[in-house]
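The next block holds one structure in the form of structure tokens; read it before the comments.
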Amino acid sequence: MNAPAGWLASAGGAALAAGLELDAVQVGQFMVSRPIVVGALFGLLFSDAQQGLILGCCCELLSLASMPLGASLPLNSTIATAVAVLMACGPARLPPAAALPVGFVAGWVHQQIETALRHGRRALNAAVESSVRERGVVPWRRMTLRNLAQQASVNLAVMLVWALVAGPALHKLWPHLPAGFVQALNFAWAQAPWLGLGVALYAFGMRP
Amino acid sequence: MAGLGSGSLRVRDAAVSDAMTPSMQRRLFGRSLLLQAFWSFERMQSLGFAFCLDPWIARCWSGRDEEIREARLRHQEYFNTQPYMASLVVGMVCALEEEAAGAADADRPAKIERLKALKSAAAAALAGVGDAMFRGALRPFCAALALTCALALRQRPGKRPLVPPAST
């Protein structure tokens, strides 16, 4: 993939992830936002379906035991996978050993933003109540569209920052990292599937 | 008595009201997919539930503006359940709302209290069942199945191993 096409695919991938992430909580929960699906889709987008699937499987296994029960909000595995595959297969490539932890950092960043968004939605409750009391009706269509657009824009902004700013910066930084740190990342990457298998076994035995 | 579906597969159920037409069912189903669109830490799925139920409330209490207002307000309260199980609560609340709307004025407050109690009890119970079933069992099972398929595909000669070797 040549450079302009690669950057175009990155921007397209960011938009795709922004849309897919809505499926995780807000719209439908059809499971198209699961890491194994996102990884395969992003791999296809960057013409490396194998690498995408490998990273998707790792992210799926490692996030299998985290459940959004009640008010708990685990890190966003959709964004984590999308960023990991983008880093590993996009125009500013990183080795998968570095892409996977970078993806999880992106998922953690999105989790913090999502927490703020959910706190912010408290105002909607008051707005709906006052709308019912004053006019008897609620402008559901406008509210729904605005809410979904807000979430999608946040997703897109996070993805674009990682794709167009953090990705190239990390790509330039990677050769200058200490050898010991690189070795540690490689060791962690080699263990990731086994660690994921452990998480899967734990998830089978877990009682929510 | 209303039917669901069409032709030879038409299902008839005396408990299903005339007002619950297939188009209303489709509307409620479509809206139930957005149950968590307004998720907040304060009342969790309450706005999504109120949004889902809104067309049915407007139909049940049709022509009684004050009752519609009260019905809309009572579904603003805290609500949280497993999203896949929420449609059961929606169906139950639809039946109870209709029952309350059709009740005599003297009986209505008791019916509404019963509706509220059943709604919160069903939400909590179904959340436990749904989380254990979908997130605790089905999701790990499907992930394990998908991973097994991926591993099997990688056994073909010339393919990159799924368990990655350390690289520099």
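Ligands are numbered from 1 in the order shown, chains are lettered A, B, ... in the order of the structure tokens, and residues start at 1 in each chain.
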
Output the contact residues of chain B with respect to chain A at a cut-off of 8 Å, based on only C-alpha atoms, as number ranges by chain.
B: 33-44, 47, 51, 65, 68-69, 72-73, 76, 80, 128, 131-132, 135-137, 139-141, 143-144, 147, 160, 162-168

Any chance you could export the current selection's N, CA and C atoms as a short mmCIF file (atom, residue, chain, number, x, y, z; two decimals), in the first residue's frame?
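Dumped to selection.cif:
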data_model
loop_
_atom_site.label_atom_id
_atom_site.label_comp_id
_atom_site.auth_asym_id
_atom_site.auth_seq_id
_atom_site.Cartn_x
_atom_site.Cartn_y
_atom_site.Cartn_z
N LEU B 33 -33.41 -1.28 20.58
CA LEU B 33 -31.99 -1.37 20.20
C LEU B 33 -31.19 -0.16 20.66
N LEU B 34 -31.93 0.92 20.98
CA LEU B 34 -31.25 2.15 21.47
C LEU B 34 -31.41 2.30 22.98
N LEU B 35 -31.66 1.20 23.65
CA LEU B 35 -31.89 1.23 25.11
C LEU B 35 -30.76 1.93 25.85
N GLN B 36 -29.53 1.73 25.38
CA GLN B 36 -28.38 2.28 26.11
C GLN B 36 -27.82 3.55 25.45
N ALA B 37 -28.60 4.13 24.54
CA ALA B 37 -28.10 5.32 23.83
C ALA B 37 -27.91 6.51 24.76
N PHE B 38 -28.66 6.51 25.88
CA PHE B 38 -28.57 7.66 26.80
C PHE B 38 -27.97 7.25 28.14
N TRP B 39 -27.16 6.19 28.14
CA TRP B 39 -26.64 5.61 29.39
C TRP B 39 -25.94 6.67 30.24
N SER B 40 -26.35 6.80 31.49
CA SER B 40 -25.66 7.73 32.39
C SER B 40 -25.43 7.04 33.73
N PHE B 41 -24.44 7.51 34.48
CA PHE B 41 -24.14 6.87 35.78
C PHE B 41 -25.28 7.09 36.77
N GLU B 42 -26.04 8.16 36.59
CA GLU B 42 -27.06 8.49 37.57
C GLU B 42 -28.27 7.53 37.50
N ARG B 43 -28.83 7.38 36.30
CA ARG B 43 -30.03 6.52 36.17
C ARG B 43 -29.85 5.41 35.15
N MET B 44 -28.66 5.22 34.71
CA MET B 44 -28.29 4.14 33.78
C MET B 44 -29.19 4.10 32.54
N LEU B 47 -33.48 6.60 30.61
CA LEU B 47 -33.93 7.38 29.47
C LEU B 47 -34.16 6.49 28.25
N PHE B 51 -37.60 6.13 26.31
CA PHE B 51 -37.63 6.35 24.86
C PHE B 51 -38.28 5.16 24.16
N ASP B 65 -54.02 13.73 28.56
CA ASP B 65 -52.71 14.39 28.58
C ASP B 65 -52.00 14.29 29.92
N ILE B 68 -50.64 10.82 30.49
CA ILE B 68 -49.47 10.58 29.62
C ILE B 68 -48.23 11.20 30.26
N ARG B 69 -48.42 12.42 30.75
CA ARG B 69 -47.30 13.13 31.39
C ARG B 69 -46.79 12.33 32.60
N ARG B 72 -44.98 9.20 31.45
CA ARG B 72 -43.64 9.50 30.94
C ARG B 72 -42.68 9.79 32.10
N LEU B 73 -43.18 10.47 33.11
CA LEU B 73 -42.31 10.80 34.25
C LEU B 73 -41.96 9.57 35.07
N GLN B 76 -38.89 7.70 34.04
CA GLN B 76 -37.59 8.39 34.12
C GLN B 76 -36.78 7.89 35.30
N ASN B 80 -31.99 -0.44 35.18
CA ASN B 80 -30.80 -1.09 34.62
C ASN B 80 -31.02 -2.60 34.55
N GLY B 128 -29.31 -10.41 36.31
CA GLY B 128 -28.50 -11.52 36.83
C GLY B 128 -28.47 -12.70 35.88
N ASP B 131 -26.68 -11.60 32.40
CA ASP B 131 -25.22 -11.46 32.48
C ASP B 131 -24.55 -12.82 32.59
N ALA B 132 -25.13 -13.70 33.40
CA ALA B 132 -24.53 -15.04 33.54
C ALA B 132 -24.62 -15.80 32.22
N ARG B 135 -22.93 -12.97 28.95
CA ARG B 135 -21.54 -12.51 29.13
C ARG B 135 -20.69 -13.54 29.85
N GLY B 136 -21.31 -14.33 30.72
CA GLY B 136 -20.53 -15.29 31.50
C GLY B 136 -20.33 -16.61 30.78
N ALA B 137 -21.25 -16.98 29.88
CA ALA B 137 -21.14 -18.29 29.23
C ALA B 137 -21.06 -18.21 27.71
N ARG B 139 -20.57 -15.67 25.53
CA ARG B 139 -19.50 -14.89 24.91
C ARG B 139 -18.15 -15.60 24.99
N PRO B 140 -17.74 -16.13 26.18
CA PRO B 140 -16.47 -16.90 26.19
C PRO B 140 -16.53 -18.13 25.30
N PHE B 141 -17.71 -18.77 25.24
CA PHE B 141 -17.84 -19.96 24.40
C PHE B 141 -17.64 -19.60 22.93
N ALA B 143 -16.11 -16.98 21.74
CA ALA B 143 -14.72 -16.55 21.52
C ALA B 143 -13.82 -17.77 21.40
N ALA B 144 -14.04 -18.77 22.26
CA ALA B 144 -13.22 -19.98 22.21
C ALA B 144 -13.43 -20.70 20.88
N LEU B 147 -11.68 -18.76 18.14
CA LEU B 147 -10.23 -18.92 18.23
C LEU B 147 -9.82 -20.30 17.73
N ARG B 160 1.15 -18.13 8.52
CA ARG B 160 1.82 -17.57 9.70
C ARG B 160 1.22 -18.18 10.97
N LEU B 162 -0.40 -18.57 14.59
CA LEU B 162 -1.21 -17.63 15.37
C LEU B 162 -0.47 -17.20 16.63
N VAL B 163 0.26 -18.15 17.21
CA VAL B 163 1.08 -17.80 18.37
C VAL B 163 2.36 -17.19 17.83
N PRO B 164 2.56 -15.89 18.03
CA PRO B 164 3.65 -15.22 17.31
C PRO B 164 5.02 -15.48 17.91
N PRO B 165 6.03 -15.64 17.07
CA PRO B 165 7.39 -15.75 17.58
C PRO B 165 7.87 -14.35 17.99
N ALA B 166 8.82 -14.29 18.92
CA ALA B 166 9.38 -12.99 19.32
C ALA B 166 10.13 -12.38 18.14
N SER B 167 9.90 -11.11 17.90
CA SER B 167 10.60 -10.44 16.79
C SER B 167 11.26 -9.17 17.30
N THR B 168 12.22 -8.68 16.56
CA THR B 168 12.91 -7.45 16.97
C THR B 168 12.46 -6.30 16.08
#

Residue list (helix (DSSP H, G or I), DSSP) for chain B, as a ChimeraX atom specification
/B:7-9,22-32,46-60,65-74,83-102,108-154

Need the shell around Leu160 (chain A): protein/DNA/RNA residues with any atom at most 10 Å away, counting only C-alpha atoms. Skip same-chain ones fewer than 2 positions apart. Format as number ranges by chain?
A: 10-15, 18, 83, 154-158, 162-167

Those same residues - C-alpha atoms - I'd like them written as a PDB file, in the first residue's frame.
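Final output, result-v5.pdb:
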ATOM      1  CA  SER A  10      -6.057   5.222   8.218  1.00  0.00           C
ATOM      2  CA  ALA A  11      -8.630   8.012   8.071  1.00  0.00           C
ATOM      3  CA  GLY A  12     -11.219   5.563   6.705  1.00  0.00           C
ATOM      4  CA  GLY A  13     -10.322   3.106   9.452  1.00  0.00           C
ATOM      5  CA  ALA A  14     -10.774   5.819  12.072  1.00  0.00           C
ATOM      6  CA  ALA A  15     -14.251   6.550  10.701  1.00  0.00           C
ATOM      7  CA  ALA A  18     -15.993   5.431  15.265  1.00  0.00           C
ATOM      8  CA  VAL A  83      -5.606   1.279  17.215  1.00  0.00           C
ATOM      9  CA  VAL A 154     -15.478  11.524  20.271  1.00  0.00           C
ATOM     10  CA  ASN A 155     -14.619   8.077  18.857  1.00  0.00           C
ATOM     11  CA  LEU A 156     -13.474   9.638  15.596  1.00  0.00           C
ATOM     12  CA  ALA A 157     -11.369  12.280  17.356  1.00  0.00           C
ATOM     13  CA  VAL A 158      -9.646   9.655  19.533  1.00  0.00           C
ATOM     14  CA  TRP A 162      -3.854   7.920  17.372  1.00  0.00           C
ATOM     15  CA  ALA A 163      -3.785   7.362  13.609  1.00  0.00           C
ATOM     16  CA  LEU A 164      -2.388  10.698  12.470  1.00  0.00           C
ATOM     17  CA  VAL A 165      -0.435  12.062  15.452  1.00  0.00           C
ATOM     18  CA  ALA A 166       0.534   9.400  18.001  1.00  0.00           C
ATOM     19  CA  GLY A 167       1.147   6.660  15.404  1.00  0.00           C
TER      20      GLY A 167
END

Excluding region 99-115 of chain B and residues on its chain fewer than 4 positions from it, collect all residues at most 8 Å away from it, counting only C-alpha atoms, and give them as a compact mmCIF listing (two decimals) with C-alpha atoms, in the first residue's frame.
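What landed in around25.txt:
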# COMPACT_ATOMS: atom_id res chain seq x y z
CA CYS B 60 -52.35 3.48 25.90
CA TRP B 61 -53.21 6.79 27.50
CA VAL B 93 -44.44 -3.07 31.28
CA ALA B 95 -49.09 -5.08 29.38
CA LYS B 119 -40.51 -3.46 36.67

DSSP on the backbone: what in chain B comes out strand (DSSP E), as a ChimeraX atom specification?
/B:2-4,11-13

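With CA of Leu45 (chain A) on one side and CA of Ala98 (chain A) on the other, the separation reads 20.1 Å.
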
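Distances here use only C-alpha atoms; by that measure, the residue among B:Ala121, B:Gly63, B:Thr81, B:Glu98 closest to Met20 (chain B) is B:Glu98.
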
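Residues with any atom within 8 Å of Ala17 (chain A), counting only C-alpha atoms and excluding same-chain neighbours fewer than 5 positions away, are A:Val38, A:Thr78, A:Ile79, A:Ala82, A:Asn155, A:Leu156, A:Met159.
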